[in-house]
>>> print(open('work-v7.pdb').read())   # PDB, C-alpha atoms
MODEL        1
ATOM      1  CA  MET A   1       4.288  13.008  17.860
ATOM      2  CA  ASN A   2       7.439  14.993  18.417
ATOM      3  CA  GLY A   3       8.096  17.757  15.969
ATOM      4  CA  SER A   4       8.902  21.369  15.599
ATOM      5  CA  LYS A   5       7.424  24.182  13.585
ATOM      6  CA  HIS A   6       9.360  25.798  10.859
ATOM      7  CA  ASP A   7       9.080  29.042   9.021
ATOM      8  CA  ARG A   8       6.508  28.423   6.317
ATOM      9  CA  ALA A   9       6.974  31.924   4.952
ATOM     10  CA  GLY A  10      10.570  31.171   4.049
ATOM     11  CA  ALA A  11      11.803  29.652   0.846
ATOM     12  CA  ARG A  12      12.831  26.483   2.613
ATOM     13  CA  ALA A  13      11.789  24.878   5.841
ATOM     14  CA  GLU A  14      14.251  24.996   8.687
ATOM     15  CA  ALA A  15      15.825  21.736   9.727
ATOM     16  CA  ALA A  16      13.227  19.794  11.637
ATOM     17  CA  THR A  17      12.375  16.289  12.722
ATOM     18  CA  VAL A  18       9.021  14.580  13.150
ATOM     19  CA  ARG A  19       9.170  11.218  14.815
ATOM     20  CA  PHE A  20       6.452   8.857  15.951
ATOM     21  CA  ALA A  21       5.697   5.193  16.399
ATOM     22  CA  PHE A  22       2.576   3.120  16.064
ATOM     23  CA  THR A  23       1.215  -0.248  17.044
ATOM     24  CA  PRO A  24       1.717  -2.604  14.092
ATOM     25  CA  ALA A  25      -1.909  -2.718  13.026
ATOM     26  CA  ALA A  26      -3.468  -2.059   9.638
ATOM     27  CA  ALA A  27      -5.707   0.678  11.028
ATOM     28  CA  TYR A  28      -2.778   3.011  11.667
ATOM     29  CA  VAL A  29      -1.039   2.829   8.316
ATOM     30  CA  ARG A  30      -3.335   5.422   6.811
ATOM     31  CA  ALA A  31      -2.565   7.875   9.590
ATOM     32  CA  ALA A  32       1.151   7.405   8.955
ATOM     33  CA  ARG A  33       0.905   8.059   5.242
ATOM     34  CA  LEU A  34      -1.303  11.106   5.727
ATOM     35  CA  VAL A  35       1.150  12.545   8.241
ATOM     36  CA  ALA A  36       3.943  11.868   5.749
ATOM     37  CA  ALA A  37       2.214  13.832   3.007
ATOM     38  CA  ASP A  38       1.406  16.663   5.382
ATOM     39  CA  VAL A  39       4.930  16.967   6.767
ATOM     40  CA  ALA A  40       6.347  16.757   3.249
ATOM     41  CA  ALA A  41       4.038  19.528   2.094
ATOM     42  CA  HIS A  42       5.078  21.731   5.005
ATOM     43  CA  ALA A  43       8.714  20.967   4.235
ATOM     44  CA  GLY A  44       8.259  22.253   0.709
ATOM     45  CA  VAL A  45       8.297  19.021  -1.264
ATOM     46  CA  ALA A  46       6.842  19.763  -4.696
ATOM     47  CA  SER A  47       3.105  19.231  -4.789
ATOM     48  CA  GLY A  48       3.510  16.852  -7.713
ATOM     49  CA  LEU A  49       5.563  14.549  -5.493
ATOM     50  CA  LEU A  50       3.216  14.441  -2.515
ATOM     51  CA  ASP A  51       1.206  11.512  -3.862
ATOM     52  CA  GLU A  52       4.474   9.665  -4.278
ATOM     53  CA  VAL A  53       5.483  10.438  -0.684
ATOM     54  CA  ARG A  54       2.097   9.298   0.583
ATOM     55  CA  GLN A  55       2.218   6.085  -1.430
ATOM     56  CA  ALA A  56       5.823   5.295  -0.587
ATOM     57  CA  VAL A  57       5.530   5.879   3.151
ATOM     58  CA  GLY A  58       2.299   3.900   3.160
ATOM     59  CA  GLU A  59       4.047   1.036   1.405
ATOM     60  CA  ALA A  60       6.956   1.092   3.822
ATOM     61  CA  CYS A  61       4.595   1.118   6.808
ATOM     62  CA  THR A  62       2.503  -1.672   5.299
ATOM     63  CA  ARG A  63       5.640  -3.722   4.850
ATOM     64  CA  ALA A  64       6.662  -3.098   8.449
ATOM     65  CA  VAL A  65       3.242  -4.078   9.787
ATOM     66  CA  LEU A  66       3.223  -7.242   7.673
ATOM     67  CA  ARG A  67       6.664  -8.172   8.951
ATOM     68  CA  HIS A  68       5.631  -7.620  12.557
ATOM     69  CA  ARG A  69       2.364  -9.484  12.054
ATOM     70  CA  ASP A  70       4.116 -12.418  10.471
ATOM     71  CA  ARG A  71       6.411 -12.770  13.448
ATOM     72  CA  GLY A  72       3.862 -11.972  16.099
ATOM     73  CA  ILE A  73       5.786  -8.876  17.166
ATOM     74  CA  ASP A  74       3.826  -6.258  19.110
ATOM     75  CA  GLU A  75       6.599  -3.671  19.274
ATOM     76  CA  LEU A  76       5.956  -0.343  17.642
ATOM     77  CA  VAL A  77       6.802   0.498  14.057
ATOM     78  CA  ARG A  78       8.974   3.619  14.084
ATOM     79  CA  VAL A  79       8.633   6.436  11.600
ATOM     80  CA  GLU A  80      10.860   9.468  11.262
ATOM     81  CA  PHE A  81      10.772  12.405   8.896
ATOM     82  CA  SER A  82      13.659  14.813   8.766
ATOM     83  CA  ILE A  83      13.871  18.059   6.876
ATOM     84  CA  GLY A  84      17.272  19.294   5.833
ATOM     85  CA  ASP A  85      18.808  19.449   2.403
ATOM     86  CA  ARG A  86      16.200  16.866   1.443
ATOM     87  CA  PHE A  87      13.022  15.488   2.910
ATOM     88  CA  VAL A  88      13.957  12.116   4.393
ATOM     89  CA  ALA A  89      11.510   9.446   5.561
ATOM     90  CA  LYS A  90      12.610   6.396   7.531
ATOM     91  CA  VAL A  91      10.406   3.481   8.529
ATOM     92  CA  THR A  92      11.886   0.902  10.883
ATOM     93  CA  ASP A  93      10.533  -2.476  11.890
ATOM     94  CA  ASN A  94      11.757  -5.002  14.427
ATOM     95  CA  ALA A  95      11.394  -8.164  12.374
ATOM     96  CA  GLN A  96      14.220 -10.239  11.044
ATOM     97  CA  ASP A  97      14.434 -11.173   7.404
ATOM     98  CA  LEU A  98      11.385 -13.152   6.364
ATOM     99  CA  ARG A  99      13.245 -15.068   3.706
ATOM    100  CA  ALA A 100      15.640 -16.559   6.201
ATOM    101  CA  ARG A 101      12.743 -18.244   7.886
ATOM    102  CA  SER A 102      10.263 -19.150   5.196
ATOM    103  CA  GLY A 103      11.648 -18.688   1.736
ATOM    104  CA  ASP A 104       9.186 -21.204   0.359
ATOM    105  CA  ARG A 105       6.274 -18.930   1.172
ATOM    106  CA  VAL A 106       7.876 -15.939  -0.431
ATOM    107  CA  GLY A 107       8.329 -18.078  -3.490
ATOM    108  CA  ALA A 108       4.566 -18.288  -3.992
ATOM    109  CA  GLY A 109       4.537 -16.656  -7.375
ATOM    110  CA  VAL A 110       2.266 -14.353  -9.259
ATOM    111  CA  ALA A 111       1.188 -16.933 -11.766
ATOM    112  CA  GLY A 112      -0.225 -20.374 -11.115
ATOM    113  CA  GLY A 113      -0.485 -22.180  -7.805
ATOM    114  CA  ASP A 114      -3.059 -24.416  -6.243
ATOM    115  CA  ALA A 115      -6.309 -23.291  -4.747
ATOM    116  CA  ARG A 116      -5.868 -22.776  -1.020
ATOM    117  CA  ALA A 117      -8.029 -22.564   2.017
ATOM    118  CA  ASN A 118      -9.388 -19.097   2.740
ATOM    119  CA  ASP A 119      -7.108 -18.292   5.660
ATOM    120  CA  HIS A 120      -4.120 -19.419   3.683
ATOM    121  CA  GLU A 121      -5.171 -17.137   0.857
ATOM    122  CA  ALA A 122      -5.009 -14.120   3.130
ATOM    123  CA  ILE A 123      -1.606 -15.110   4.466
ATOM    124  CA  GLU A 124      -0.324 -15.729   0.988
ATOM    125  CA  GLU A 125      -1.604 -12.387  -0.239
ATOM    126  CA  ASP A 126       0.062 -10.718   2.720
ATOM    127  CA  THR A 127       3.350 -12.318   1.791
ATOM    128  CA  LEU A 128       2.829 -11.346  -1.816
ATOM    129  CA  SER A 129       2.032  -7.815  -0.723
ATOM    130  CA  GLU A 130       5.271  -7.563   1.208
ATOM    131  CA  GLU A 131       7.138  -8.467  -1.943
ATOM    132  CA  ILE A 132       5.123  -5.994  -3.965
ATOM    133  CA  THR A 133       5.839  -3.186  -1.510
ATOM    134  CA  LEU A 134       9.509  -3.366  -2.392
ATOM    135  CA  ILE A 135       8.737  -3.437  -6.100
ATOM    136  CA  VAL A 136       6.485  -0.409  -5.725
ATOM    137  CA  LEU A 137       9.064   1.411  -3.606
ATOM    138  CA  GLY A 138      11.800   0.628  -6.094
ATOM    139  CA  GLY A 139       9.699   1.959  -8.930
ATOM    140  CA  LEU A 140       8.476   5.038  -7.128
ATOM    141  CA  VAL A 141      11.401   6.315  -5.148
ATOM    142  CA  GLU A 142      14.618   7.353  -6.797
ATOM    143  CA  ASP A 143      16.561   7.536  -3.535
ATOM    144  CA  LEU A 144      15.664   4.317  -1.711
ATOM    145  CA  VAL A 145      17.805   2.333   0.701
ATOM    146  CA  VAL A 146      16.670  -0.728   2.629
ATOM    147  CA  THR A 147      19.029  -1.750   5.407
ATOM    148  CA  GLY A 148      18.995  -4.562   7.902
ATOM    149  CA  PRO A 149      18.151  -6.642   9.606
ATOM    150  CA  ASP A 150      20.498  -4.919  11.996
ATOM    151  CA  ALA A 151      21.761  -5.999  15.402
ATOM    152  CA  GLU A 152      18.320  -5.415  16.875
ATOM    153  CA  GLY A 153      16.706  -7.506  14.207
ATOM    154  CA  GLY A 154      14.806  -4.929  12.206
ATOM    155  CA  THR A 155      15.037  -3.337   8.805
ATOM    156  CA  THR A 156      14.864   0.315   7.887
ATOM    157  CA  VAL A 157      13.448   1.724   4.692
ATOM    158  CA  SER A 158      15.026   5.114   4.000
ATOM    159  CA  MET A 159      13.694   7.369   1.283
ATOM    160  CA  SER A 160      14.327  10.954   0.345
ATOM    161  CA  TRP A 161      12.919  13.579  -1.940
ATOM    162  CA  PRO A 162      14.372  16.898  -3.051
ATOM    163  CA  LEU A 163      13.444  20.197  -1.484
ATOM    164  CA  PRO A 164      13.415  23.368  -3.504
ATOM    165  CA  GLY A 165      16.366  25.659  -3.095
ATOM    166  CA  SER A 166      14.225  28.732  -2.978
ATOM    167  CA  GLY A 167      10.884  30.259  -3.646
ATOM    168  CA  SER A 168       8.655  27.224  -4.082
ATOM    169  CA  ALA A 169       7.748  26.127  -0.601
ATOM    170  CA  ALA A 170       4.370  24.502  -0.096
ATOM    171  CA  ASP A 171       1.573  26.988  -0.100
ATOM    172  CA  HIS A 172      -1.062  26.017   2.374
TER     173      HIS A 172
ATOM    174  CA  MET B   1      -8.992   3.828  15.996
ATOM    175  CA  ARG B   2     -12.057   4.151  13.811
ATOM    176  CA  GLY B   3     -12.785   7.815  13.346
ATOM    177  CA  THR B   4      -9.787   8.895  15.369
ATOM    178  CA  SER B   5      -6.817   9.005  13.062
ATOM    179  CA  GLY B   6      -3.867  10.940  14.434
ATOM    180  CA  ASP B   7      -4.495  13.936  12.222
ATOM    181  CA  GLY B   8      -8.219  13.921  12.857
ATOM    182  CA  ALA B   9      -9.027  12.577   9.412
ATOM    183  CA  ALA B  10     -11.769  10.029   8.966
ATOM    184  CA  GLU B  11     -10.872   6.382   8.807
ATOM    185  CA  PRO B  12     -10.356   4.904   5.375
ATOM    186  CA  GLU B  13     -13.630   4.100   3.767
ATOM    187  CA  LEU B  14     -14.047   1.493   1.113
ATOM    188  CA  GLY B  15     -17.154   1.483  -1.028
ATOM    189  CA  LEU B  16     -17.986  -1.609  -3.042
ATOM    190  CA  GLY B  17     -20.753  -1.257  -5.611
ATOM    191  CA  LEU B  18     -22.001  -4.405  -7.307
ATOM    192  CA  SER B  19     -23.553  -4.500 -10.773
ATOM    193  CA  THR B  20     -23.693  -6.713 -13.821
ATOM    194  CA  VAL B  21     -22.404  -5.798 -17.268
ATOM    195  CA  GLY B  22     -22.770  -8.484 -19.896
ATOM    196  CA  ASP B  23     -21.225 -11.659 -18.535
ATOM    197  CA  TYR B  24     -19.337  -9.850 -15.796
ATOM    198  CA  ALA B  25     -20.129  -9.217 -12.197
ATOM    199  CA  VAL B  26     -18.651  -5.771 -11.623
ATOM    200  CA  ILE B  27     -17.265  -4.551  -8.324
ATOM    201  CA  SER B  28     -16.851  -0.796  -8.459
ATOM    202  CA  VAL B  29     -14.418   0.345  -5.783
ATOM    203  CA  THR B  30     -14.507   3.797  -4.245
ATOM    204  CA  GLY B  31     -12.353   5.095  -1.419
ATOM    205  CA  GLU B  32      -9.009   3.698  -0.358
ATOM    206  CA  ILE B  33      -7.713   0.161  -0.706
ATOM    207  CA  ASP B  34      -4.998  -0.517   1.835
ATOM    208  CA  MET B  35      -4.161  -3.267   4.269
ATOM    209  CA  TYR B  36      -7.021  -2.150   6.505
ATOM    210  CA  THR B  37      -9.733  -2.221   3.855
ATOM    211  CA  ALA B  38      -8.389  -4.789   1.367
ATOM    212  CA  PRO B  39      -9.967  -7.772   3.183
ATOM    213  CA  GLN B  40     -13.394  -6.371   2.253
ATOM    214  CA  LEU B  41     -12.504  -6.497  -1.432
ATOM    215  CA  ARG B  42     -11.070  -9.994  -1.074
ATOM    216  CA  GLU B  43     -14.272 -11.118   0.610
ATOM    217  CA  ALA B  44     -16.445  -9.530  -2.075
ATOM    218  CA  VAL B  45     -14.671 -11.501  -4.806
ATOM    219  CA  ARG B  46     -14.880 -14.651  -2.716
ATOM    220  CA  GLN B  47     -18.591 -14.111  -2.208
ATOM    221  CA  LEU B  48     -19.194 -13.738  -5.933
ATOM    222  CA  SER B  49     -17.237 -16.877  -6.765
ATOM    223  CA  SER B  50     -19.121 -18.805  -4.100
ATOM    224  CA  GLU B  51     -22.292 -17.778  -5.893
ATOM    225  CA  GLY B  52     -20.909 -19.124  -9.151
ATOM    226  CA  ARG B  53     -20.071 -15.692 -10.587
ATOM    227  CA  MET B  54     -16.709 -16.579 -12.077
ATOM    228  CA  ARG B  55     -16.343 -13.676 -14.475
ATOM    229  CA  VAL B  56     -15.539 -10.703 -12.350
ATOM    230  CA  ALA B  57     -14.506  -7.151 -13.188
ATOM    231  CA  ILE B  58     -12.984  -4.949 -10.503
ATOM    232  CA  ASP B  59     -13.382  -1.302 -11.460
ATOM    233  CA  LEU B  60     -10.633   0.832  -9.948
ATOM    234  CA  THR B  61     -11.377   3.930 -11.986
ATOM    235  CA  PRO B  62     -13.181   5.666  -9.103
ATOM    236  CA  THR B  63     -10.695   4.428  -6.480
ATOM    237  CA  GLU B  64      -8.919   7.179  -4.555
ATOM    238  CA  PHE B  65      -5.936   5.150  -3.371
ATOM    239  CA  CYS B  66      -4.570   1.648  -3.770
ATOM    240  CA  ASP B  67      -1.477   0.170  -2.186
ATOM    241  CA  SER B  68       0.375  -3.098  -2.591
ATOM    242  CA  THR B  69      -2.130  -4.897  -0.386
ATOM    243  CA  GLY B  70      -4.783  -4.072  -2.959
ATOM    244  CA  LEU B  71      -2.534  -5.349  -5.715
ATOM    245  CA  GLY B  72      -2.076  -8.553  -3.743
ATOM    246  CA  VAL B  73      -5.838  -8.972  -3.610
ATOM    247  CA  LEU B  74      -6.072  -8.510  -7.378
ATOM    248  CA  ILE B  75      -3.435 -11.172  -7.964
ATOM    249  CA  GLY B  76      -5.114 -13.545  -5.529
ATOM    250  CA  ALA B  77      -8.500 -12.959  -7.128
ATOM    251  CA  ARG B  78      -7.132 -13.573 -10.596
ATOM    252  CA  ARG B  79      -5.576 -16.836  -9.477
ATOM    253  CA  ARG B  80      -8.655 -18.109  -7.672
ATOM    254  CA  LEU B  81     -10.997 -17.234 -10.513
ATOM    255  CA  SER B  82      -8.678 -18.698 -13.151
ATOM    256  CA  ASP B  83      -8.297 -21.898 -11.152
ATOM    257  CA  ALA B  84     -12.081 -22.178 -11.097
ATOM    258  CA  GLY B  85     -12.377 -21.632 -14.830
ATOM    259  CA  GLY B  86     -13.333 -17.980 -14.564
ATOM    260  CA  SER B  87     -11.543 -14.732 -15.220
ATOM    261  CA  LEU B  88     -10.763 -11.378 -13.693
ATOM    262  CA  VAL B  89     -10.760  -8.080 -15.526
ATOM    263  CA  VAL B  90      -9.298  -5.005 -13.867
ATOM    264  CA  VAL B  91     -10.890  -1.848 -15.150
ATOM    265  CA  CYS B  92      -8.701   1.177 -14.624
ATOM    266  CA  ALA B  93      -8.793   4.509 -16.359
ATOM    267  CA  ASN B  94      -7.278   6.103 -13.271
ATOM    268  CA  PRO B  95      -3.754   7.320 -14.109
ATOM    269  CA  ARG B  96      -2.463   7.141 -10.539
ATOM    270  CA  ILE B  97      -3.416   3.491 -10.120
ATOM    271  CA  ARG B  98      -2.523   2.708 -13.705
ATOM    272  CA  LYS B  99       0.980   3.909 -12.925
ATOM    273  CA  LEU B 100       1.088   1.502  -9.981
ATOM    274  CA  LEU B 101       0.060  -1.391 -12.222
ATOM    275  CA  ASP B 102       2.640  -0.384 -14.816
ATOM    276  CA  LEU B 103       5.603  -0.035 -12.490
ATOM    277  CA  THR B 104       4.930  -3.395 -10.844
ATOM    278  CA  GLY B 105       4.502  -5.103 -14.200
ATOM    279  CA  LEU B 106       1.030  -6.218 -13.196
ATOM    280  CA  ASP B 107      -0.398  -4.547 -16.289
ATOM    281  CA  LYS B 108       1.077  -7.531 -18.135
ATOM    282  CA  VAL B 109      -0.068 -10.145 -15.632
ATOM    283  CA  LEU B 110      -3.582  -8.876 -15.108
ATOM    284  CA  ASP B 111      -6.193  -8.239 -17.783
ATOM    285  CA  VAL B 112      -6.341  -4.445 -17.452
ATOM    286  CA  ARG B 113      -8.849  -2.554 -19.542
ATOM    287  CA  GLU B 114     -10.327   0.884 -19.857
ATOM    288  CA  ALA B 115     -13.883  -0.393 -19.559
ATOM    289  CA  VAL B 116     -15.809  -3.516 -18.637
ATOM    290  CA  PRO B 117     -15.966  -5.907 -21.618
ATOM    291  CA  GLY B 118     -19.267  -5.520 -23.361
ATOM    292  CA  GLU B 119     -19.873  -2.100 -21.886
TER     293      GLU B 119
ENDMDL
END
>>> encode(input="work-v7.pdb", output="structure tokens")
Amino acid sequence: MNGSKHDRAGARAEAATVRFAFTPAAAYVRAARLVAADVAAHAGVASGLLDEVRQAVGEACTRAVLRHRDRGIDELVRVEFSIGDRFVAKVTDNAQDLRARSGDRVGAGVAGGDARANDHEAIEEDTLSEEITLIVLGGLVEDLVVTGPDAEGGTTVSMSWPLPGSGSAADH
Amino acid sequence: MRGTSGDGAAEPELGLGLSTVGDYAVISVTGEIDMYTAPQLREAVRQLSSEGRMRVAIDLTPTEFCDSTGLGVLIGARRRLSDAGGSLVVVCANPRIRKLLDLTGLDKVLDVREAVPGE
């Protein structure tokens, strides 16, 4: 992890960046979301929003891992938090748009459908989960932008939350 | 990675408690449901249905965290049980997870209740 300390005694954290990457495996998503909540707390994000940060970053990382897994991509999922006027979280994958390749699978809906073999059930739920991540993110995060796939093939989920102007930095 | 998360925190733990209330086999879920632990919940439902327990209640009230992977498992479980003539009830008096169900619209797709039927 590559970050810098800021003045926690001050009303607002100094500009800072925390950046890391992780192997696209389910076991590491929790670490990413816990780091997100911790960095957000240090940045001064309101305590009432920290659950939202944790959930949202976890969802974005889950989506990235699912996209890498679906394509058999071993490259790292990249995560970046930046502290400035707002707390900004970015999660970047290296997978091209799933729909372009297998729109029929994405179309597996919430209701109905035939019974499937066990391994297919897991794959289908993964696909469903990727769709749900965007629904959850859209519902949770007011400032949400999903870009890509870009020239390198990945997408980036960018989210931001307000930081207090003064006097209400995280206390811990 | 087990036990060695980057911040030193313990790995996500999922606790699945099984009981019976009325006609329902109840899975009480503690800990965190995410893409790492969700397969355990999926397998628990599958195990019950393979034993002929087609009326299943998943109790999320004591659950600390649930992400979209967990929601995917709930949807999959509902579909499998319904296809087999059974039913799934999601018990959730947990406001954090209730909010998740509400904002995804799953509160209208799933049978979400405050308590296990017959309790």
>>> atom_distance(input="work-v7.pdb", atom1="CA of Glu142 (chain A)", atom2="CA of Ser158 (chain A)")
11.0 Å
>>> resolve_selection(input="work-v7.pdb", expression="the PyMOL selection byres ((chain A) within 6 of (chain B))", output="count of residues only")
9
>>> atom_distance(input="work-v7.pdb", atom1="CA of Leu144 (chain A)", atom2="CA of Val91 (chain A)")
11.5 Å
>>> resolve_selection(input="work-v7.pdb", expression="the PyMOL selection byres ((chain B and resi 21) around 8)", output="ChimeraX atom specification")
/B:19-20,22-26,116-119
>>> closest_residue(input="work-v7.pdb", among="A:Val65, A:Val35, A:Ala122, A:Val53", to="Leu41 (chain B)", atoms="only C-alpha atoms")
A:Ala122
>>> atom_distance(input="work-v7.pdb", atom1="CA of Arg19 (chain A)", atom2="CA of Arg86 (chain A)")
16.1 Å
>>> resolve_selection(input="work-v7.pdb", expression="the PyMOL selection byres ((chain A and resi 73) around 12)", output="ChimeraX atom specification")
/A:23-25,64-72,74-77,93-96,153-154
>>> axis_aligned_box(input="work-v7.pdb", around="region 54-70 of chain B", padding_each_side="3 Å", output="lines of an AutoDock Vina configuration file")
center_x = -8.2
center_y = -4.7
center_z = -7.4
size_x = 23.1
size_y = 29.8
size_z = 20.1
